[in-house]
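Report on the following structure.
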Amino acid sequence: MSQISVRQLFEHKQVRLELSHVAGDDGTNRIIDSEAVDSLNREMVSHLSRIHPSWVQVLSETEIDYLDNLTLEEREEVFAQVEQNGTLCLIVAGSTRVPSDLIDFANRSGIPLFASTKASVHLMWLIRHYLAKELAETTTRHGVFLDVLGVGVMITGESAVGKSELGLELITRGSGLVADDVVELHRIAPDTLEGRCPELLRDFLEVRGLGMLNIRTMFGETSVRRKKSLKLIVYLHQTQNGDLSRMDRLPLVATHQEILGVKINTVNIPVVAGRNLAVLVEAAARNFVLQQRGIDTMQEFISRHDQFLTGD
């Protein structure tokens with residue numbers, strides 16, 4: 001379960017969202033978690049609404065004018081509904097003034113009240129994107145995660161099969177390291193997994209015989225990535241006595257691995273002495289890009305073969 005507090009939202013996005021804290025100091029430790037988001041049918045962030053409340057409610061000039069036109073009793077009724085709905089925080093957007101009774105309500109209820117100079121629509125888009133990423137479903141996988149030719153590739157396989165050594169060779173060929181050993185995967189969209197590295201392991205790659213290598217220090221800033229969308233899994237496996245004869249030379253069905261409900265293309269590469277695994281992984285990444293563009297080389301070959309047999 002992922003969770004985030006109002007304090008974290010403010011500290012992480014204060015500069016980007018141009019936020020200033022107005023009132024409701026007691027509520028900055030309020031927490032929203034992924035389970036609550038999934039169980040309650042409500043928006044992450046929206047304009048102030050009593051009928052369709054959101055976790056973060058934004059007040060633009062329209063909402064402020066609406067409150068101004070209410071009687072004192074009606075405004076108190078609106079505030080009571082906001083409090084009852086479990087609102088995480090309130091944000092007054094744009095150059096709109098902050099009404100004194102709204103400040104009083106925030107201090108009384110403990111609901112944090114912020115102000116931002118940004119337009120409400122832009123503000124909501126940024127907050128929605130931030131919360132979606134922070135509250136995304138998360139899991140971990142063992143492997144080496146790299147940016148290979150612009151494609152997020154996770155190299156997995158049995159222990160001591162050579163994942164880190166292959167990762168190091170790919171880095172020397174221009175790939176970027178995202179994570180080694182522990183890969184954090186976050187489902188940031190229905191069909192997108194974003195891979196990140198735990199803070200403790202960031203920039204490091206462990207290679208047997210050499211120990212821990214700081215890739216950023218050795219190869220420069222362009223050799224590492226903070227995050228990358230996972231698009232391809234390469235599974236390395238040892239073959240019995242180096243025999244490749246039992247493997248399908250032309251696999252007709254694409255293989256996938258499902259992680260957090262997202263299907264990820266998978267390629268199985270046997271590890272045999274003399275094979276250039278770095279070139280094979282780069283070729284797999286290039287082939288994936290072609291498939292995304294609608295170019296399926298396997299089907300192209302099969303069609304050409306059928307045409308040859310039929311004489312067309």
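Each chain of the structure tokens is named A, B, ... in the order shown, its residues numbered from 1; ligands are numbered from 1 in display order.
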Neighbour list for range 91-101 of chain A as number ranges by chain, cut-off 8 Å, only C-alpha atoms, skip fewer than 4 positions in-chain | A: 56-61, 64, 105, 113-120, 123
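Contact shell of Ile155 in chain A at 9 Å (only C-alpha atoms; same-chain neighbours under 3 positions omitted): His142, Gly143, Val144, Phe145, Leu146, Lys163, Ser164, Leu166, Gly167, Leu232, Ile233, Val234, Tyr235, Leu236 and Val281 of chain A.
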File dump, residues just selected, N, CA and C atoms, as an mmCIF file, in the first residue's frame:
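The result, written out as result_12.cif:
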```
data_model
loop_
_atom_site.group_PDB
_atom_site.id
_atom_site.type_symbol
_atom_site.label_atom_id
_atom_site.label_comp_id
_atom_site.auth_asym_id
_atom_site.auth_seq_id
_atom_site.Cartn_x
_atom_site.Cartn_y
_atom_site.Cartn_z
ATOM 1 N N HIS A 142 13.868 -8.701 -9.136
ATOM 2 C CA HIS A 142 15.327 -8.837 -9.116
ATOM 3 C C HIS A 142 15.842 -8.803 -10.547
ATOM 4 N N GLY A 143 16.813 -7.957 -10.801
ATOM 5 C CA GLY A 143 17.383 -7.876 -12.132
ATOM 6 C C GLY A 143 18.157 -6.590 -12.323
ATOM 7 N N VAL A 144 18.532 -6.335 -13.562
ATOM 8 C CA VAL A 144 19.224 -5.097 -13.937
ATOM 9 C C VAL A 144 18.321 -4.360 -14.914
ATOM 10 N N PHE A 145 17.987 -3.111 -14.570
ATOM 11 C CA PHE A 145 17.074 -2.330 -15.395
ATOM 12 C C PHE A 145 17.850 -1.228 -16.097
ATOM 13 N N LEU A 146 17.723 -1.185 -17.431
ATOM 14 C CA LEU A 146 18.510 -0.272 -18.243
ATOM 15 C C LEU A 146 17.659 0.436 -19.285
ATOM 16 N N LYS A 163 24.054 -11.239 -15.364
ATOM 17 C CA LYS A 163 23.191 -10.074 -15.611
ATOM 18 C C LYS A 163 23.954 -8.755 -15.444
ATOM 19 N N SER A 164 24.695 -8.642 -14.335
ATOM 20 C CA SER A 164 25.398 -7.390 -14.073
ATOM 21 C C SER A 164 26.526 -7.153 -15.072
ATOM 22 N N LEU A 166 26.587 -8.179 -18.133
ATOM 23 C CA LEU A 166 25.933 -7.756 -19.368
ATOM 24 C C LEU A 166 25.483 -6.308 -19.254
ATOM 25 N N GLY A 167 24.956 -5.948 -18.096
ATOM 26 C CA GLY A 167 24.550 -4.568 -17.886
ATOM 27 C C GLY A 167 25.723 -3.616 -18.025
ATOM 28 N N LEU A 232 10.344 -4.071 -21.993
ATOM 29 C CA LEU A 232 10.852 -5.369 -22.446
ATOM 30 C C LEU A 232 11.602 -6.061 -21.320
ATOM 31 N N ILE A 233 11.336 -7.357 -21.158
ATOM 32 C CA ILE A 233 12.064 -8.179 -20.194
ATOM 33 C C ILE A 233 12.917 -9.174 -20.959
ATOM 34 N N VAL A 234 14.203 -9.205 -20.649
ATOM 35 C CA VAL A 234 15.120 -10.172 -21.262
ATOM 36 C C VAL A 234 15.501 -11.185 -20.189
ATOM 37 N N TYR A 235 15.145 -12.436 -20.433
ATOM 38 C CA TYR A 235 15.428 -13.501 -19.465
ATOM 39 C C TYR A 235 16.631 -14.302 -19.955
ATOM 40 N N LEU A 236 17.702 -14.294 -19.160
ATOM 41 C CA LEU A 236 18.907 -15.061 -19.487
ATOM 42 C C LEU A 236 18.848 -16.420 -18.812
ATOM 43 N N VAL A 281 20.793 -8.178 -26.966
ATOM 44 C CA VAL A 281 19.839 -7.354 -26.220
ATOM 45 C C VAL A 281 19.511 -6.093 -27.009
#
```
CA of Arg108 in chain A to CA of Arg128 in chain A: how many Å, to one decimal?
-> 26.7 Å
Quick one: of A:Ile103, A:Val161, A:Val183, A:Ala136, who's nearest to Arg226 in chain A, counting only C-alpha atoms?
-> A:Val183
Between A:Val148, A:Leu277, A:Val182, A:Ile127, which is the closest to Val45 in chain A once you count only C-alpha atoms?
-> A:Ile127
Give me, please, the distance in Å between CA of Ser46 in chain A and CA of Asp26 in chain A, quoted to one decimal.
-> 22.8 Å
Which residue, A:Gly176, A:Gly162, A:Gly294, A:Gly157, has the smallest gap to Asn268 in chain A when you use only C-alpha atoms?
->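 Selected residue with least distance to Asn268 in chain A: A:Gly157.
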Just list the residues in range 30-276 of chain A DSSP gives helix (DSSP H, G or I) on the backbone, as a ChimeraX atom specification.
-> /A:34-39,61-68,72-84,100-109,120-134,163-172,199-201,215-219,221-223,240-242
Within 8 Å of Pro112 in chain A using only C-alpha atoms, minus same-chain residues under 6 positions, as a ChimeraX atom specification = /A:6,21-28,88-90,106
Which one of A:Tyr130, A:Phe301, A:Phe10, A:Phe219 sits closest to Met44 in chain A if you count only C-alpha atoms?
-> A:Tyr130
Best match for closeness to Ala285 in chain A among A:Phe308, A:Leu149, A:Val262, A:Glu199, counting only C-alpha atoms =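 Using only C-alpha atoms, Ala285 in chain A sits closest to A:Leu149.
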For Lys231 in chain A, the nearest of the candidates A:Val37, A:Val153, A:Leu185, A:Met298, counting only C-alpha atoms |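 Going through A:Val37, A:Val153, A:Leu185, A:Met298 one by one, the smallest distance to Lys231 in chain A is for A:Val153.
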Val151 in chain A: which residues within 10 Å, counting only C-alpha atoms, same-chain residues fewer than 6 positions away excluded, as a compact mmCIF listing (two decimals) with N, CA and C atoms, in the first residue's frame?
```
# COMPACT_ATOMS: atom_id res chain seq x y z
N SER A 175 24.18 2.57 -23.14
CA SER A 175 22.93 2.41 -22.41
C SER A 175 23.02 3.12 -21.06
N LYS A 228 12.44 4.94 -15.74
CA LYS A 228 12.19 4.56 -17.12
C LYS A 228 10.99 3.63 -17.17
N SER A 229 10.18 3.77 -18.20
CA SER A 229 9.03 2.86 -18.37
C SER A 229 9.52 1.50 -18.84
N LEU A 230 9.04 0.45 -18.18
CA LEU A 230 9.44 -0.92 -18.54
C LEU A 230 8.68 -1.37 -19.78
N LYS A 231 9.42 -1.76 -20.82
CA LYS A 231 8.81 -2.19 -22.07
C LYS A 231 9.20 -3.61 -22.47
N LEU A 232 10.34 -4.07 -21.99
CA LEU A 232 10.85 -5.37 -22.45
C LEU A 232 11.60 -6.06 -21.32
N GLU A 282 20.50 -5.46 -27.62
CA GLU A 282 20.25 -4.28 -28.43
C GLU A 282 19.36 -4.62 -29.63
N ALA A 284 17.15 -7.03 -29.69
CA ALA A 284 15.81 -7.25 -29.14
C ALA A 284 15.11 -5.91 -28.91
N ALA A 285 15.86 -4.91 -28.43
CA ALA A 285 15.28 -3.58 -28.21
C ALA A 285 14.87 -2.95 -29.54
N ARG A 286 15.72 -3.06 -30.55
CA ARG A 286 15.40 -2.50 -31.87
C ARG A 286 14.17 -3.20 -32.46
N PHE A 288 11.76 -4.62 -30.82
CA PHE A 288 10.58 -4.16 -30.08
C PHE A 288 10.07 -2.84 -30.63
N VAL A 289 10.98 -1.92 -30.92
CA VAL A 289 10.60 -0.62 -31.47
C VAL A 289 9.90 -0.82 -32.82
```
Give me the residues within 7 Å of Leu205 in chain A as a ChimeraX atom specification, counting only C-alpha atoms and dropping any in the same chain fewer than 5 places off.
-> /A:164,180,212-215
CA of Arg187 in chain A to CA of Thr138 in chain A, straight-line distance in Å |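 Interatomic distance, CA of Thr138 in chain A to CA of Arg187 in chain A: 6.5 Å.
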